[in-house]
file run.cif (mmCIF, C-alpha atoms)
data_query
loop_
_atom_site.label_atom_id
_atom_site.label_comp_id
_atom_site.auth_asym_id
_atom_site.auth_seq_id
_atom_site.Cartn_x
_atom_site.Cartn_y
_atom_site.Cartn_z
CA MET A 1 10.84 21.89 28.11
CA ALA A 2 10.78 21.87 24.32
CA GLU A 3 10.27 18.52 22.64
CA LYS A 4 13.31 17.02 20.91
CA ARG A 5 13.16 17.59 17.16
CA SER A 6 13.02 14.56 14.92
CA ARG A 7 15.61 14.02 12.19
CA LEU A 8 12.99 14.78 9.56
CA ARG A 9 12.16 18.05 11.32
CA ILE A 10 15.79 19.16 11.61
CA ILE A 11 16.34 18.60 7.88
CA TYR A 12 13.12 20.50 7.16
CA ASP A 13 14.26 23.42 9.35
CA ILE A 14 17.65 23.63 7.60
CA LEU A 15 16.17 23.49 4.10
CA ASN A 16 13.37 25.88 5.00
CA MET A 17 15.87 28.37 6.37
CA ILE A 18 17.75 28.36 3.06
CA ARG A 19 14.49 28.81 1.12
CA ASN A 20 13.42 31.70 3.35
CA HIS A 21 16.68 33.50 2.58
CA ASN A 22 15.97 33.69 -1.14
CA ASN A 23 17.56 30.29 -1.59
CA SER A 24 21.02 31.56 -0.76
CA ILE A 25 22.59 31.64 2.67
CA LYS A 26 26.08 31.50 4.12
CA PRO A 27 26.93 28.47 6.32
CA THR A 28 27.60 30.51 9.50
CA PRO A 29 24.17 32.15 9.81
CA LEU A 30 22.57 28.85 8.81
CA LEU A 31 24.38 27.15 11.70
CA ARG A 32 23.09 29.84 14.06
CA TYR A 33 19.48 29.55 12.86
CA SER A 34 19.53 25.75 12.84
CA ASN A 35 19.97 25.62 16.62
CA LEU A 36 22.39 22.68 16.40
CA SER A 37 25.89 22.11 17.70
CA SER A 38 28.55 22.75 15.04
CA GLN A 39 29.45 19.07 14.98
CA SER A 40 25.86 18.01 14.49
CA PHE A 41 25.30 20.75 11.91
CA SER A 42 28.33 19.60 9.89
CA GLY A 43 26.95 16.08 9.91
CA TYR A 44 23.57 17.20 8.59
CA LEU A 45 25.14 19.54 6.03
CA GLY A 46 27.37 16.78 4.70
CA GLU A 47 24.43 14.42 4.44
CA LEU A 48 22.24 16.97 2.66
CA MET A 49 24.98 17.77 0.15
CA GLU A 50 25.73 14.10 -0.41
CA LYS A 51 22.05 13.40 -1.08
CA GLY A 52 21.85 16.34 -3.47
CA PHE A 53 19.39 18.44 -1.44
CA ILE A 54 21.72 21.44 -1.32
CA VAL A 55 24.73 22.64 -3.30
CA GLU A 56 27.58 24.91 -2.45
CA SER A 57 28.33 27.91 -4.65
CA ARG A 58 30.74 30.87 -4.45
CA ASP A 59 30.29 34.50 -5.40
CA LYS A 60 32.81 36.83 -7.04
CA ARG A 61 34.48 37.50 -3.71
CA ASN A 62 34.85 33.76 -3.19
CA ARG A 63 32.29 33.69 -0.35
CA LYS A 64 30.58 30.37 0.19
CA PHE A 65 26.76 30.13 -0.20
CA LEU A 66 24.34 27.25 0.15
CA THR A 67 21.38 26.83 -2.18
CA LEU A 68 18.56 24.32 -2.53
CA THR A 69 18.36 21.93 -5.46
CA GLU A 70 15.12 20.65 -6.99
CA LYS A 71 15.40 17.63 -4.70
CA GLY A 72 15.65 19.97 -1.71
CA PHE A 73 12.50 21.81 -2.76
CA ASN A 74 10.83 18.44 -3.28
CA TYR A 75 11.67 17.47 0.32
CA LEU A 76 10.09 20.68 1.64
CA GLN A 77 7.00 20.05 -0.47
CA LYS A 78 6.61 16.48 0.77
CA TYR A 79 7.62 17.03 4.39
CA LYS A 80 4.05 17.12 5.69
CA ILE A 81 3.17 13.95 3.79
CA MET A 82 6.23 12.18 5.21
CA THR A 83 5.52 13.18 8.82
CA LYS A 84 1.87 12.25 8.46
CA PHE A 85 2.87 8.84 7.10
CA VAL A 86 5.30 8.23 9.97
CA GLU A 87 2.69 9.28 12.56
CA GLU A 88 -0.23 7.39 11.06
CA PHE A 89 1.71 4.15 10.72
CA SER A 90 3.40 4.55 14.13
CA LEU A 91 6.87 4.29 12.60
CA MET B 92 -12.76 -37.17 -13.32
CA PRO B 93 -15.29 -34.31 -12.73
CA LEU B 94 -14.27 -34.05 -9.06
CA PRO B 95 -10.62 -33.15 -9.58
CA MET B 96 -11.45 -30.75 -12.42
CA PHE B 97 -13.97 -29.05 -10.19
CA LEU B 98 -11.47 -28.99 -7.37
CA MET B 99 -8.78 -27.61 -9.59
CA ASN B 100 -10.85 -24.93 -11.26
CA THR B 101 -12.52 -23.54 -8.15
CA ASN B 102 -9.53 -23.73 -5.87
CA PHE B 103 -7.17 -22.49 -8.54
CA ILE B 104 -9.30 -19.41 -9.23
CA ILE B 105 -9.79 -18.68 -5.52
CA GLU B 106 -6.07 -19.03 -4.82
CA LEU B 107 -5.15 -17.00 -7.89
CA VAL B 108 -7.49 -14.09 -7.12
CA TYR B 109 -6.59 -14.12 -3.42
CA SER B 110 -2.84 -14.18 -4.07
CA VAL B 111 -2.86 -11.64 -6.91
CA ILE B 112 -4.87 -9.06 -4.90
CA ILE B 113 -2.49 -9.42 -1.95
CA MET B 114 0.67 -9.36 -4.09
CA VAL B 115 -0.43 -6.29 -6.06
CA SER B 116 -1.50 -4.45 -2.88
CA CYS B 117 1.82 -5.21 -1.20
CA LEU B 118 3.89 -4.19 -4.22
CA VAL B 119 1.99 -0.90 -4.52
CA ILE B 120 2.65 -0.24 -0.80
CA TYR B 121 6.33 -1.15 -1.27
CA PHE B 122 6.89 1.15 -4.26
CA LYS B 123 4.94 4.03 -2.72
CA THR B 124 6.93 3.85 0.50
CA ARG B 125 10.19 3.54 -1.41
CA GLU B 126 9.54 6.95 -2.98
CA ILE B 127 9.33 8.66 0.40
CA TYR B 128 12.17 6.60 1.83
CA ASN B 129 14.47 7.86 -0.95
CA LEU B 130 13.61 11.38 0.13
CA SER B 131 13.54 10.98 3.91
CA SER B 132 15.98 8.07 4.58
CA HIS B 133 13.69 7.24 7.51
CA LYS B 134 14.61 3.73 8.68
CA GLY B 135 11.08 2.98 9.93
CA ILE B 136 9.70 3.67 6.44
CA LYS B 137 12.41 1.50 4.88
CA TYR B 138 11.62 -1.54 7.04
CA PHE B 139 7.88 -0.97 6.67
CA GLY B 140 8.29 -1.09 2.88
CA MET B 141 10.55 -4.15 3.09
CA ALA B 142 7.92 -5.94 5.20
CA PHE B 143 5.38 -5.49 2.40
CA LEU B 144 7.86 -6.60 -0.26
CA PHE B 145 8.35 -9.80 1.75
CA PHE B 146 4.57 -10.13 2.22
CA ALA B 147 4.28 -10.11 -1.60
CA ILE B 148 7.05 -12.71 -2.00
CA THR B 149 5.57 -14.93 0.73
CA TYR B 150 2.09 -14.94 -0.82
CA PHE B 151 3.62 -15.52 -4.27
CA LEU B 152 5.54 -18.57 -3.03
CA ARG B 153 2.55 -19.76 -1.04
CA PHE B 154 0.41 -19.60 -4.20
CA PHE B 155 2.94 -21.70 -6.12
CA SER B 156 3.17 -24.18 -3.29
CA LYS B 157 -0.62 -24.47 -3.12
CA ILE B 158 -0.88 -24.97 -6.88
CA LEU B 159 1.79 -27.64 -6.71
CA ILE B 160 -0.21 -29.49 -4.07
CA LEU B 161 -3.40 -29.16 -6.16
CA ARG B 162 -1.65 -30.55 -9.23
CA ILE B 163 -0.37 -33.52 -7.19
CA ILE B 164 -3.93 -34.29 -6.09
CA VAL B 165 -5.23 -34.10 -9.67
CA PHE B 166 -2.33 -36.10 -11.09
CA SER B 167 -2.74 -38.82 -8.47
CA PHE B 168 -6.50 -39.01 -9.08
CA VAL B 169 -6.18 -39.23 -12.86
CA THR B 170 -3.30 -41.70 -13.04
CA GLY B 171 -3.92 -43.59 -9.85
CA ALA B 172 -0.25 -43.16 -9.04
CA ILE B 173 1.03 -41.27 -6.07
CA PHE B 174 3.37 -38.58 -7.29
CA LEU B 175 5.04 -36.55 -4.61
CA PRO B 176 7.96 -34.36 -5.63
CA GLN B 177 9.21 -34.19 -2.06
CA GLY B 178 12.19 -32.00 -2.95
CA PHE B 179 10.01 -29.28 -4.45
CA ASN B 180 7.58 -29.37 -1.57
CA THR B 181 10.38 -29.06 0.99
CA LEU B 182 12.04 -26.26 -0.94
CA PHE B 183 8.82 -24.25 -1.25
CA SER B 184 7.96 -24.76 2.43
CA LEU B 185 11.44 -23.60 3.38
CA LEU B 186 11.20 -20.49 1.21
CA VAL B 187 7.70 -19.62 2.42
CA LEU B 188 8.77 -19.98 6.05
CA TYR B 189 11.91 -17.90 5.51
CA THR B 190 10.08 -15.05 3.74
CA GLY B 191 7.24 -15.27 6.27
CA PHE B 192 9.63 -14.85 9.19
CA MET B 193 11.44 -12.02 7.40
CA THR B 194 8.11 -10.26 6.83
CA THR B 195 7.37 -10.42 10.54
CA PHE B 196 10.90 -9.37 11.51
CA TYR B 197 10.81 -6.35 9.17
CA LEU B 198 7.39 -5.23 10.41
CA LEU B 199 8.46 -5.56 14.05
CA TYR B 200 11.74 -3.83 13.24
CA SER B 201 9.94 -0.89 11.62
CA LEU B 202 7.74 -0.46 14.69
CA SER B 203 10.62 -0.95 17.13
CA LYS B 204 12.99 1.52 15.45
CA LYS B 205 11.20 4.51 16.95
CA ARG B 206 10.80 2.89 20.36
CA LEU B 207 14.20 1.24 20.83
CA GLY B 208 16.20 3.70 18.71
CA LYS B 209 19.91 3.08 18.69
CA VAL B 210 19.66 -0.24 20.56
CA LEU B 211 18.71 -1.94 17.28
CA PRO B 212 21.59 -2.59 14.87
CA GLU B 213 21.47 -1.01 11.40
CA SER B 214 22.18 -4.31 9.67
CA THR B 215 19.43 -6.91 9.36
CA ASP B 216 21.82 -9.73 8.42
CA THR B 217 21.30 -11.40 11.80
CA LEU B 218 17.56 -11.52 11.17
CA HIS B 219 18.11 -13.22 7.79
CA ILE B 220 20.37 -15.83 9.40
CA LEU B 221 17.85 -16.37 12.21
CA ALA B 222 15.00 -16.79 9.70
CA VAL B 223 17.01 -19.31 7.65
CA VAL B 224 17.97 -21.33 10.75
CA ILE B 225 14.44 -21.48 12.20
CA SER B 226 12.87 -22.29 8.80
CA SER B 227 15.42 -25.04 8.13
CA VAL B 228 14.85 -26.64 11.53
CA VAL B 229 11.05 -26.53 11.13
CA VAL B 230 11.08 -28.03 7.61
CA ILE B 231 13.97 -30.50 7.80
CA LEU B 232 13.08 -31.88 11.23
CA ASN B 233 9.35 -31.56 10.44
CA LEU B 234 8.61 -29.54 13.56
CA PRO B 235 5.49 -27.42 12.95
CA VAL B 236 5.31 -26.97 16.71
CA LEU B 237 8.51 -24.89 16.58
CA PHE B 238 6.89 -22.65 13.98
CA VAL B 239 3.90 -22.20 16.30
CA GLY B 240 6.23 -21.44 19.23
CA VAL B 241 8.28 -18.81 17.39
CA SER B 242 5.13 -17.28 15.91
CA ALA B 243 3.59 -17.07 19.38
CA VAL B 244 6.67 -15.25 20.72
CA LEU B 245 6.62 -12.77 17.81
CA LEU B 246 2.89 -12.18 18.23
CA LEU B 247 3.37 -11.65 21.95
CA TYR B 248 6.03 -9.03 21.26
CA MET B 249 3.69 -7.39 18.75
CA PHE B 250 0.92 -7.42 21.34
CA VAL B 251 3.22 -5.72 23.89
CA VAL B 252 4.04 -2.98 21.35
CA VAL B 253 0.35 -2.49 20.52
CA TYR B 254 -0.70 -2.45 24.18
CA SER B 255 2.07 -0.11 25.35
CA ASP B 256 1.30 2.30 22.53
CA TYR B 257 -2.41 2.13 23.29
CA SER B 258 -1.80 2.85 27.00
CA ALA B 259 0.50 5.79 26.25
CA SER B 260 -1.60 7.28 23.46
CA LYS B 261 -3.98 10.13 24.18
CA THR B 262 -6.19 9.67 21.13
CA LYS B 263 -6.28 5.84 21.07
CA VAL B 264 -7.25 6.02 17.38
CA GLN B 265 -3.70 5.90 16.01
CA SER B 266 -2.72 3.03 18.30
CA GLY B 267 -5.82 1.17 17.24
CA PHE B 268 -4.24 0.94 13.81
CA LEU B 269 -1.40 -1.13 15.28
CA LEU B 270 -4.00 -3.83 15.83
CA VAL B 271 -4.16 -4.17 12.02
CA TYR B 272 -0.43 -5.04 12.03
CA PHE B 273 -1.02 -7.60 14.76
CA LEU B 274 -3.82 -9.22 12.73
CA LEU B 275 -1.72 -9.09 9.53
CA ILE B 276 1.01 -11.12 11.22
CA LEU B 277 -1.51 -13.48 12.84
CA PHE B 278 -3.18 -14.21 9.50
CA LEU B 279 0.17 -14.54 7.73
CA MET B 280 1.14 -17.21 10.28
CA LEU B 281 -2.20 -18.96 9.73
CA ASN B 282 -1.67 -18.88 5.96
CA ILE B 283 1.79 -20.43 6.35
CA PHE B 284 0.53 -23.01 8.84
CA ASP B 285 -2.05 -24.02 6.25
CA LEU B 286 0.85 -25.13 4.05
CA LEU B 287 2.56 -27.10 6.81
CA ILE B 288 -0.62 -28.86 7.94
CA SER B 289 -2.74 -29.66 4.89
CA ASP B 290 -6.39 -28.60 5.07
CA PHE B 291 -5.70 -26.75 8.31
CA PHE B 292 -8.30 -24.09 7.51
CA GLY B 293 -11.04 -26.55 6.57
CA ARG B 294 -14.38 -24.80 6.42
CA ILE B 295 -13.12 -21.46 7.70
CA GLN B 296 -10.86 -20.95 4.68
CA THR B 297 -13.21 -18.39 3.07
CA LEU B 298 -13.44 -16.41 6.29
CA VAL B 299 -9.63 -16.38 6.73
CA TYR B 300 -9.17 -15.27 3.13
CA ILE B 301 -11.75 -12.46 3.42
CA VAL B 302 -10.21 -11.15 6.66
CA SER B 303 -6.66 -11.33 5.21
CA LEU B 304 -7.71 -9.48 2.06
CA SER B 305 -9.55 -6.84 4.09
CA LEU B 306 -6.45 -6.17 6.22
CA PHE B 307 -4.23 -5.63 3.18
CA LEU B 308 -6.81 -3.43 1.50
CA ILE B 309 -7.14 -1.31 4.67
CA ILE B 310 -3.36 -0.68 4.67
CA LEU B 311 -3.31 -0.04 0.91
CA TYR B 312 -6.19 2.45 1.21
CA LYS B 313 -4.43 4.26 4.04
CA VAL B 314 -1.09 4.39 2.19
CA LEU B 315 -2.71 5.73 -0.98
CA LYS B 316 -4.80 8.20 1.02
CA ILE B 317 -1.68 9.72 2.58
CA LEU B 318 0.82 9.41 -0.24
CA GLY B 319 -1.70 9.91 -3.03
CA VAL B 320 -1.99 8.31 -6.42
CA GLU B 321 0.76 10.03 -8.34
CA THR B 322 2.13 9.82 -11.83
CA ASN B 323 5.65 10.97 -12.65
CA GLY B 324 6.01 12.40 -9.17
CA ARG B 325 3.10 14.81 -9.59
CA LYS B 326 -0.44 14.43 -8.28
CA LYS B 327 -3.09 13.71 -10.86
CA LYS B 328 -5.05 16.78 -11.62
CA GLN B 329 -8.77 16.39 -11.76
CA ALA B 330 -10.25 17.21 -15.14
#
call {"tool": "encode", "arguments": {"input": "run.cif", "output": "structure tokens"}}
result
Amino acid sequence: MAEKRSRLRIIYDILNMIRNHNNSIKPTPLLRYSNLSSQSFSGYLGELMEKGFIVESRDKRNRKFLTLTEKGFNYLQKYKIMTKFVEEFSL
Amino acid sequence: MPLPMFLMNTNFIIELVYSVIIMVSCLVIYFKTREIYNLSSHKGIKYFGMAFLFFAITYFLRFFSKILILRIIVFSFVTGAIFLPQGFNTLFSLLVLYTGFMTTFYLLYSLSKKRLGKVLPESTDTLHILAVVISSVVVILNLPVLFVGVSAVLLLYMFVVVYSDYSASKTKVQSGFLLVYFLLILFLMLNIFDLLISDFFGRIQTLVYIVSLSLFLIILYKVLKILGVETNGRKKKQA
């Protein structure tokens, strides 16, 4: 049985998925890739937007896209440091 | 006359160096952890950082309290009068005890967050109230034995966390680091007890100070090793 993902890991997976799609992805495929329930996904999405990790934008056909901000890229860059810190200090 | 000056100079310098090293180390740990807490919102990191902020405050207050006691000794020796600002002494003891308990609570909270998860409440207000109540009872009723009792309970809980982690861990190395936390709390309690019971350390003072400093420097080294020494959010590039 797969190990339960930590909160830090889930956020990393969501942000990484956006980055891997040329920093522009629609919410529905992101929900599918994130492997979360829609309720849980909405919670994470709201939190990430509130914290300024991702922003919502619309194209000419008024389709919604999600993109990473500089803070979002910064999270991805520091993810390994954060997880190492949490593991090393048994937090 | 030479005796108190000697006492003041030597003890003042020892206390100053000891306290400044600990305060600076703790503040560096606090600010470094705050950076990654802002990014991760990880509660364990938050409480870990808060524990070191309170370590810094406790050792700052302890230093002032110690200096106050030293000045009383010198003043009494020079003038022949006994001058005891009881109010100040009580206030400092109360503050040191409160911050000391909060340090321990935050460190235990940071370690327990992963293990007990949602059982622990998000708010730490209850811990502040508890720390104020216990500190007030110890100082106002002059009950150092209560301080020893509460400290023993907290250390026992810490020991259970360390032991259970050690038993469950495959590598044993990571859990071994929890022992540093245990010793940090133990030596913090000893440092506070030294204020409640004057000259409690006696001849082992130097040893206690060296061990305490070593523990803080171990944590500081580890924090800087992982988080790096950064300026303006970017790692220093080697020339």
call {"tool": "interface_residues", "arguments": {"input": "run.cif", "of": "chain A", "to": "chain B", "cutoff": "10 Å", "atoms": "only C-alpha atoms", "output": "list in words"}}
result
Arg7, Leu8, Ile11, Lys51, Phe53, Lys71, Gly72, Asn74, Tyr75, Lys78, Tyr79, Lys80, Ile81, Met82, Thr83, Lys84, Phe85, Val86, Glu87, Glu88, Phe89, Ser90 and Leu91 of chain A
call {"tool": "write_last_selection", "arguments": {"input": "run.cif", "atoms": "C-alpha atoms", "output": "PDB file, keeping the file's coordinate frame"}}
result
ATOM      1  CA  ARG A   7      15.610  14.020  12.190  1.00  0.00           C
ATOM      2  CA  LEU A   8      12.990  14.780   9.560  1.00  0.00           C
ATOM      3  CA  ILE A  11      16.340  18.600   7.880  1.00  0.00           C
ATOM      4  CA  LYS A  51      22.050  13.400  -1.080  1.00  0.00           C
ATOM      5  CA  PHE A  53      19.390  18.440  -1.440  1.00  0.00           C
ATOM      6  CA  LYS A  71      15.400  17.630  -4.700  1.00  0.00           C
ATOM      7  CA  GLY A  72      15.650  19.970  -1.710  1.00  0.00           C
ATOM      8  CA  ASN A  74      10.830  18.440  -3.280  1.00  0.00           C
ATOM      9  CA  TYR A  75      11.670  17.470   0.320  1.00  0.00           C
ATOM     10  CA  LYS A  78       6.610  16.480   0.770  1.00  0.00           C
ATOM     11  CA  TYR A  79       7.620  17.030   4.390  1.00  0.00           C
ATOM     12  CA  LYS A  80       4.050  17.120   5.690  1.00  0.00           C
ATOM     13  CA  ILE A  81       3.170  13.950   3.790  1.00  0.00           C
ATOM     14  CA  MET A  82       6.230  12.180   5.210  1.00  0.00           C
ATOM     15  CA  THR A  83       5.520  13.180   8.820  1.00  0.00           C
ATOM     16  CA  LYS A  84       1.870  12.250   8.460  1.00  0.00           C
ATOM     17  CA  PHE A  85       2.870   8.840   7.100  1.00  0.00           C
ATOM     18  CA  VAL A  86       5.300   8.230   9.970  1.00  0.00           C
ATOM     19  CA  GLU A  87       2.690   9.280  12.560  1.00  0.00           C
ATOM     20  CA  GLU A  88      -0.230   7.390  11.060  1.00  0.00           C
ATOM     21  CA  PHE A  89       1.710   4.150  10.720  1.00  0.00           C
ATOM     22  CA  SER A  90       3.400   4.550  14.130  1.00  0.00           C
ATOM     23  CA  LEU A  91       6.870   4.290  12.600  1.00  0.00           C
TER      24      LEU A  91
END
call {"tool": "residues_around", "arguments": {"input": "run.cif", "residues": "Ser40 of chain A", "least_positions_apart": "4", "cutoff": "12 Å", "atoms": "only C-alpha atoms", "output": "PyMOL selection string"}}
result
chain A and resi 7+10-11+31+34-36+44-47
call {"tool": "residues_around", "arguments": {"input": "run.cif", "residues": "segment 297-307 of chain B", "least_positions_apart": "2", "cutoff": "8 Å", "atoms": "only C-alpha atoms", "output": "list in words"}}
result
Tyr109, Ile112, Ile113, Ser116, Cys117, Val271, Leu274, Leu275, Phe278, Leu279, Phe292, Arg294, Ile295, Ile309, Ile310 and Leu311 of chain B
call {"tool": "residues_around", "arguments": {"input": "run.cif", "residues": "Asp285 of chain B", "least_positions_apart": "6", "cutoff": "10 Å", "atoms": "all atoms listed in the file", "output": "list of chain:residue names"}}
result
B:Arg153, B:Lys157, B:Leu279, B:Phe291, B:Phe292, B:Gly293, B:Gln296
call {"tool": "resolve_selection", "arguments": {"input": "run.cif", "expression": "the PyMOL selection byres ((chain A and resi 65) around 6)", "output": "PyMOL selection string"}}
result
chain A and resi 24-26+56-58+64+66
call {"tool": "closest_residue", "arguments": {"input": "run.cif", "among": "B:Leu246, B:Val119, B:Met193, B:Leu159", "to": "Ala142 of chain B", "atoms": "all atoms listed in the file"}}
result
B:Met193
call {"tool": "resolve_selection", "arguments": {"input": "run.cif", "expression": "the PyMOL selection byres ((chain B and resi 230) around 12)", "output": "ChimeraX atom specification"}}
result
/B:177-178,180-189,223-229,231-238,284,286-288
call {"tool": "decode", "arguments": {"input": "run.cif", "residues": "segment 31-43 of chain A", "atoms": "N, CA and C atoms", "output": "PDB file, in the first residue's frame"}}
result
ATOM      1  N   LEU A  31      -6.710  18.625 -11.375  1.00  0.00           N
ATOM      2  CA  LEU A  31      -7.416  17.831 -10.361  1.00  0.00           C
ATOM      3  C   LEU A  31      -7.165  16.333 -10.613  1.00  0.00           C
ATOM      4  N   ARG A  32      -7.225  15.953 -11.879  1.00  0.00           N
ATOM      5  CA  ARG A  32      -7.027  14.542 -12.234  1.00  0.00           C
ATOM      6  C   ARG A  32      -5.603  14.087 -11.882  1.00  0.00           C
ATOM      7  N   TYR A  33      -4.627  14.899 -12.262  1.00  0.00           N
ATOM      8  CA  TYR A  33      -3.223  14.539 -12.007  1.00  0.00           C
ATOM      9  C   TYR A  33      -2.877  14.561 -10.512  1.00  0.00           C
ATOM     10  N   SER A  34      -3.554  15.441  -9.779  1.00  0.00           N
ATOM     11  CA  SER A  34      -3.192  15.609  -8.363  1.00  0.00           C
ATOM     12  C   SER A  34      -3.560  14.404  -7.503  1.00  0.00           C
ATOM     13  N   ASN A  35      -4.466  13.575  -7.991  1.00  0.00           N
ATOM     14  CA  ASN A  35      -4.863  12.364  -7.274  1.00  0.00           C
ATOM     15  C   ASN A  35      -5.515  12.677  -5.922  1.00  0.00           C
ATOM     16  N   LEU A  36      -6.314  13.733  -5.915  1.00  0.00           N
ATOM     17  CA  LEU A  36      -7.014  14.140  -4.686  1.00  0.00           C
ATOM     18  C   LEU A  36      -8.515  14.145  -4.949  1.00  0.00           C
ATOM     19  N   SER A  37      -9.298  14.119  -3.881  1.00  0.00           N
ATOM     20  CA  SER A  37     -10.741  14.263  -4.049  1.00  0.00           C
ATOM     21  C   SER A  37     -11.011  15.723  -4.441  1.00  0.00           C
ATOM     22  N   SER A  38     -12.125  15.984  -5.099  1.00  0.00           N
ATOM     23  CA  SER A  38     -12.376  17.354  -5.559  1.00  0.00           C
ATOM     24  C   SER A  38     -12.485  18.337  -4.393  1.00  0.00           C
ATOM     25  N   GLN A  39     -13.006  17.844  -3.281  1.00  0.00           N
ATOM     26  CA  GLN A  39     -13.134  18.707  -2.100  1.00  0.00           C
ATOM     27  C   GLN A  39     -11.753  19.081  -1.548  1.00  0.00           C
ATOM     28  N   SER A  40     -10.917  18.051  -1.442  1.00  0.00           N
ATOM     29  CA  SER A  40      -9.570  18.271  -0.942  1.00  0.00           C
ATOM     30  C   SER A  40      -8.765  19.155  -1.897  1.00  0.00           C
ATOM     31  N   PHE A  41      -8.937  18.902  -3.197  1.00  0.00           N
ATOM     32  CA  PHE A  41      -8.234  19.684  -4.217  1.00  0.00           C
ATOM     33  C   PHE A  41      -8.626  21.161  -4.134  1.00  0.00           C
ATOM     34  N   SER A  42      -9.923  21.413  -3.973  1.00  0.00           N
ATOM     35  CA  SER A  42     -10.396  22.806  -3.861  1.00  0.00           C
ATOM     36  C   SER A  42      -9.765  23.500  -2.662  1.00  0.00           C
ATOM     37  N   GLY A  43      -9.644  22.752  -1.583  1.00  0.00           N
ATOM     38  CA  GLY A  43      -9.033  23.300  -0.369  1.00  0.00           C
ATOM     39  C   GLY A  43      -7.588  23.711  -0.621  1.00  0.00           C
TER      40      GLY A  43
END
